[in-house]
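Okay, so here's the structure we're looking at.
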Amino acid sequence: MDNVEIARFFNEISDLLEIKGENPFRVRSYRNAALVIEGLTLSLESIVEKDEKSLEDIPGIGKSIHEKIVEIIRTNGCELHEELLKEVPQGVLELLKVSGIGPRKAGLLYKKLGIQGVGDLEAAAKGHKLRDLPGMGERSEEKILRAIEDYKTIKASSLRFKLSVAYPRARGYIEYLKKFKGVVQVEAAGSLRRWKETVGDVDILVTCREAAAVMEHFVKYPDVKEVVSKGETKATVVLKSGLQVDLRALEKKSFGAALQYFTGSKSHNIAVRDRAKKMGLKISEYGVFSGKTGEMVAGEKEEDVYRAVGLPWIAPELRENMGEIEAAERGDLPDLIELSDIKGDLHVHSTFSDGASTMEELAEAAMGMGYEYMAVTDHSKAVGIAHGLDEKRLEEVISGVEAVNRRLEKKGVGFRLIKGAEVDIRADGTLDFSEGALKKLDCVVGAVHSGFTMTMEDMTRRIIKTMETGYLNVLAHPTGRLIGMREPYEVDMERVMDAAKEYGVALELNSFPERLDLNDAHLRLAKDKGVMVAISTDAHHAGHLDYVIYGVHTARRGWIEKKNVLNARGLKELMRLLKRGC
Ligand code: DGT
Ligand code: CA
Ligand code: CA
């Protein structure tokens, strides 16, 4: 069983308990377990097979979760999950995916009207059956119908996989193929190589001595659920997670051309092909050929393919036909940010709020990544469900940070924790801590956690008002979207960015795989407006710090350079920017 399936059990248990109106902390513990499991790189199934006890070493997984993981792996099911489904039908869970329908409302809709799915809900709204329910009216019916339309759009896109599902699985598969005798080159292509926020299927290319043997080996990978097709040079499988993987074997002389072709995007390829045509060349997945003589002029290396059409090599993240070909032609491609440029994380949760790792564990992990600093940014009190800090507990966090820093200084270690908090931006645009408390913090990360349905004007004013206070350093997950789950709230991003520039606030690129917020298009806008970007992870577990890779590659899709990134600065410069404004 794949970690994704195990996490799904915990997410559903959490939803079902919430619909029933159970204790929010119990709800949260299952939700956190799902988050932790999704962030693991090791397969739980293999851990349990080898040494069940070692589950205890995973931070954030307590005894009762531990037992449930074993139960799910051993029996392919979970008793608690089944029991809950007897009380609340599966279809009611679907209602939660409609924006504005929380667990309490879903429970009410089910109990009062027997609504068991989005289809039922749509019919009830159209039949004006909702307006008589407590707390609802005509307007709520209209709102729900609009939200159902959004839900349908999201559902269509949720057949795609998050990067955090596709990327580690593709990596594992590639390692497996590389080890096989006779395999020479292995490379991922497609949307994964372009680091799109979601991936439809994984495309892998190889060169090898004997293609048929490689295809045979490919379909024998232990994570394969189903072999869709297997030919001499091509095969397709579906993994246990549901992810489809295509493999193609190529001749060495065509590998670069195939890599270029299968990396896409399709519209980038079309633009390159048109360009080749104008130059009297023909381009295909086999190579670049002279239109007149048919002679092959390039194909072995991707660089050569671009050179043949008069262009420098273009980073895969840029290949969306969004001006990259023109920029390449002018010699004006961006000098893209790299993972090794990142010097620290500015959005991290510890056990002081809803994180699963202690401040010390997080600091250890950050040092292991070669970072210079990390801001500890636990939630403020408004986010009660996440055990947000009141000002008294904030003092404890601050003294905790100071204690860790003193210890590091004694040992002569240069790494520093930064005093921070993820402060809720209230509906009226004020921050959820007093000025006195805010003054004690070096890194105030502000975020919207409720009231998502405001009008665009109100939301824009709410956020800008927070910037005007002068206390905000970073605006976290600026649009609030959750990929495949929640559409962004309505906000005028241009105005928010202009204000960010004016008040020296950085905008976050939240690297959590379901957020990736800002997205590529917004990042490009931020860059054009000269707004600083903070590539943070929002880690709720030490293992989540690795999510920075998704952030960095999303930043590259937004044409972001090192100079645009706040946490690519060294500690001293960072502290100056936090103090003075970016
Ligand atoms: P995905 O899988 O939906 O996330 O997106 P991609 O980009 O990986 O698309 P996929 O797997 O259908 O095909 C891989 C690449 O192959 C695609 O990015 C570009 C190239 N390709 C596929 N079909 C065509 C086509 O009809 N024309 C051209 N020029 N390129 C194509
Ligand atoms: Ca693909
Ligand atoms: Ca494909």
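Identifiers in the structure tokens: chain A, B, ... in order shown; residue index from 1 per chain; ligand index from 1 in order shown.
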Residues contacting ligand 1 - anything with an atom at most 6 Å away, using only C-alpha atoms and all ligand atoms - can you give me those as a ChimeraX atom specification? /A:190-191,199-201,261-266,269-270
Skipping near chain neighbours, those fewer than 4 positions away, what residues fall within 12 Å of Phe512 (chain A) using only C-alpha atoms, listed as a PDB file with C-alpha atoms, in the first residue's frame?
ATOM      1  CA  LEU A  35       0.288  15.522   6.581  1.00  0.00           C
ATOM      2  CA  GLU A  38       2.385  12.532   2.841  1.00  0.00           C
ATOM      3  CA  GLY A  39       5.739  14.150   3.626  1.00  0.00           C
ATOM      4  CA  LYS A 162       0.761  16.836  -6.891  1.00  0.00           C
ATOM      5  CA  LEU A 163       4.496  17.213  -7.384  1.00  0.00           C
ATOM      6  CA  SER A 164       5.037  15.665  -3.962  1.00  0.00           C
ATOM      7  CA  GLU A 197       2.472  22.252 -10.059  1.00  0.00           C
ATOM      8  CA  HIS A 347       7.966  29.900   7.743  1.00  0.00           C
ATOM      9  CA  VAL A 348       8.142  26.876  10.026  1.00  0.00           C
ATOM     10  CA  ALA A 476       2.252  34.136   3.588  1.00  0.00           C
ATOM     11  CA  HIS A 477       0.398  32.050   0.990  1.00  0.00           C
ATOM     12  CA  GLY A 480      -4.964  30.963  -0.019  1.00  0.00           C
ATOM     13  CA  ARG A 481      -5.516  28.393  -2.742  1.00  0.00           C
ATOM     14  CA  LEU A 482      -5.165  24.688  -2.025  1.00  0.00           C
ATOM     15  CA  ILE A 483      -4.475  22.752  -5.206  1.00  0.00           C
ATOM     16  CA  GLU A 508       5.817  34.300   0.190  1.00  0.00           C
ATOM     17  CA  LEU A 516       2.621  26.560  -4.262  1.00  0.00           C
ATOM     18  CA  ASP A 517       1.266  30.022  -3.575  1.00  0.00           C
ATOM     19  CA  LEU A 518       2.312  32.418  -5.174  1.00  0.00           C
ATOM     20  CA  ASN A 519       2.020  30.519  -8.455  1.00  0.00           C
ATOM     21  CA  ILE A 535      10.621  30.851  -0.662  1.00  0.00           C
ATOM     22  CA  SER A 536       9.478  29.158   2.553  1.00  0.00           C
ATOM     23  CA  THR A 537       8.074  25.725   3.309  1.00  0.00           C
ATOM     24  CA  ASP A 538       5.396  26.184   6.000  1.00  0.00           C
ATOM     25  CA  ALA A 539       6.861  22.960   7.433  1.00  0.00           C
ATOM     26  CA  HIS A 540       4.759  21.247  10.099  1.00  0.00           C
ATOM     27  CA  HIS A 541       7.374  18.528  10.472  1.00  0.00           C
ATOM     28  CA  GLY A 543      10.831  16.375   6.960  1.00  0.00           C
ATOM     29  CA  HIS A 544       8.737  19.083   5.290  1.00  0.00           C
ATOM     30  CA  LEU A 545      11.768  21.392   5.085  1.00  0.00           C
ATOM     31  CA  ASP A 546      12.698  19.377   1.979  1.00  0.00           C
ATOM     32  CA  TYR A 547       9.620  20.792   0.222  1.00  0.00           C
ATOM     33  CA  VAL A 548      11.768  23.815  -0.564  1.00  0.00           C
ATOM     34  CA  ILE A 549      12.695  22.023  -3.795  1.00  0.00           C
ATOM     35  CA  TYR A 550       9.106  22.472  -5.049  1.00  0.00           C
ATOM     36  CA  GLY A 551       9.257  26.133  -4.138  1.00  0.00           C
ATOM     37  CA  VAL A 552      12.549  26.753  -5.888  1.00  0.00           C
ATOM     38  CA  THR A 554       8.094  26.946  -9.024  1.00  0.00           C
TER      39      THR A 554
END
Go through region 150-347 of chain A and collect every residue that DSSP, computed from the backbone, puts in strand (DSSP E); the answer should be as number ranges by chain. A: 161-162, 183-189, 198-199, 202-208, 224-230, 234-239, 244-250, 281-284, 287-290, 296-298, 344-345
Keeping C-alpha atoms for every residue in the selection just given, could you write it to a file as a CSV table (one decimal), in the first residue's frame?
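What ended up in again34.csv:
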chain,number,residue,atom,x,y,z
A,161,PHE,CA,-1.0,14.5,-9.3
A,162,LYS,CA,0.8,16.8,-6.9
A,183,VAL,CA,21.1,1.3,-19.3
A,184,VAL,CA,23.2,4.3,-20.2
A,185,GLN,CA,21.1,7.5,-19.8
A,186,VAL,CA,17.8,7.9,-17.9
A,187,GLU,CA,16.0,11.3,-17.7
A,188,ALA,CA,12.5,12.4,-16.8
A,189,ALA,CA,10.8,14.6,-19.4
A,198,THR,CA,0.5,19.1,-11.0
A,199,VAL,CA,1.6,16.3,-13.3
A,202,VAL,CA,5.4,10.8,-15.8
A,203,ASP,CA,7.5,10.5,-19.0
A,204,ILE,CA,10.9,8.8,-18.7
A,205,LEU,CA,13.4,8.4,-21.5
A,206,VAL,CA,16.4,6.0,-21.7
A,207,THR,CA,19.2,5.0,-23.9
A,208,CYS,CA,20.4,1.5,-23.5
A,224,VAL,CA,3.7,-1.3,-10.4
A,225,LYS,CA,0.0,-2.0,-10.0
A,226,GLU,CA,-0.9,-2.5,-13.7
A,227,VAL,CA,1.0,-2.9,-16.9
A,228,VAL,CA,-1.0,-0.9,-19.5
A,229,SER,CA,1.2,-1.8,-22.5
A,230,LYS,CA,4.7,-3.2,-23.3
A,234,LYS,CA,7.8,1.8,-25.3
A,235,ALA,CA,5.9,0.8,-22.2
A,236,THR,CA,3.3,2.2,-19.9
A,237,VAL,CA,2.4,1.2,-16.3
A,238,VAL,CA,0.2,2.5,-13.5
A,239,LEU,CA,1.8,2.6,-10.0
A,244,GLN,CA,0.9,6.5,-14.8
A,245,VAL,CA,4.5,6.3,-16.1
A,246,ASP,CA,5.5,6.1,-19.7
A,247,LEU,CA,8.9,4.8,-20.7
A,248,ARG,CA,10.6,5.3,-24.1
A,249,ALA,CA,13.9,3.8,-25.2
A,250,LEU,CA,15.9,5.9,-27.8
A,281,LEU,CA,15.1,22.9,-40.9
A,282,LYS,CA,12.9,20.1,-39.8
A,283,ILE,CA,12.6,19.1,-36.2
A,284,SER,CA,11.2,16.0,-34.6
A,287,GLY,CA,16.6,15.1,-34.5
A,288,VAL,CA,17.0,18.3,-36.4
A,289,PHE,CA,17.3,17.7,-40.1
A,290,SER,CA,18.1,19.9,-43.1
A,296,MET,CA,20.8,15.2,-39.6
A,297,VAL,CA,22.3,18.4,-38.0
A,298,ALA,CA,21.6,17.8,-34.3
A,344,GLY,CA,17.2,29.5,5.3
A,345,ASP,CA,13.5,29.0,5.8
Distance criterion (only C-alpha atoms and all ligand atoms): nearest to ligand 2 out of A:Thr75, A:Val219, A:Gly400, A:Trp195: A:Trp195
Selection: 9 Å around region 55-71 of chain A, only C-alpha atoms, excl. self and same-chain fewer than 5 positions, as a ChimeraX atom specification: /A:6,10,29-30,32-33,36-37,44-45,47-48,76-80,355-357,541-542
Apply DSSP to the backbone of this structure and, from region 303-504 of chain A, keep only the residues in alpha helix (DSSP H); write these as a PyMOL selection string. chain A and resi 303-308+324-329+359-368+391-410+435-439+456-468+493-503
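With only C-alpha atoms and all ligand atoms as the atoms that count, the minimum distance from ligand 2 to the choices A:Tyr489, A:Tyr471, A:Tyr167, A:Tyr373 is reached by A:Tyr167.
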From the list A:Gly470, A:Gly127, A:Gly370, A:Gly384, which residue is nearest Leu339 (chain A) when using only C-alpha atoms?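 Using only C-alpha atoms, Leu339 (chain A) sits closest to A:Gly370.
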Residue contacts of Gly310 (chain A) (10 Å, only C-alpha atoms) excluding same-chain residues fewer than 4 positions away, as a ChimeraX atom specification: /A:275-276,279,304-306,328-329
Please list as number ranges by chain every residue within 12 Å of Leu95 (chain A), counting only C-alpha atoms and excluding residues in the same chain fewer than 3 positions away. A: 15-16, 19, 88-92, 98-110, 115-122, 144, 147-148, 151-152, 485
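If only C-alpha atoms are the atoms counted, then among A:Lys381, A:Glu457, A:Ser399, A:Gly558 the closest residue to Ser434 (chain A) is A:Lys381.
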A:Leu417, A:Leu130, A:Leu17, A:Leu408 ranked by distance to Cys443 (chain A), top pick (using only C-alpha atoms): A:Leu417
Considering only C-alpha atoms and all ligand atoms, state which residue in the set A:Leu113, A:Ala7, A:Ala170, A:Leu389 is at the smallest distance from ligand 2.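 Closest to ligand 2 of all the choices is A:Ala170.
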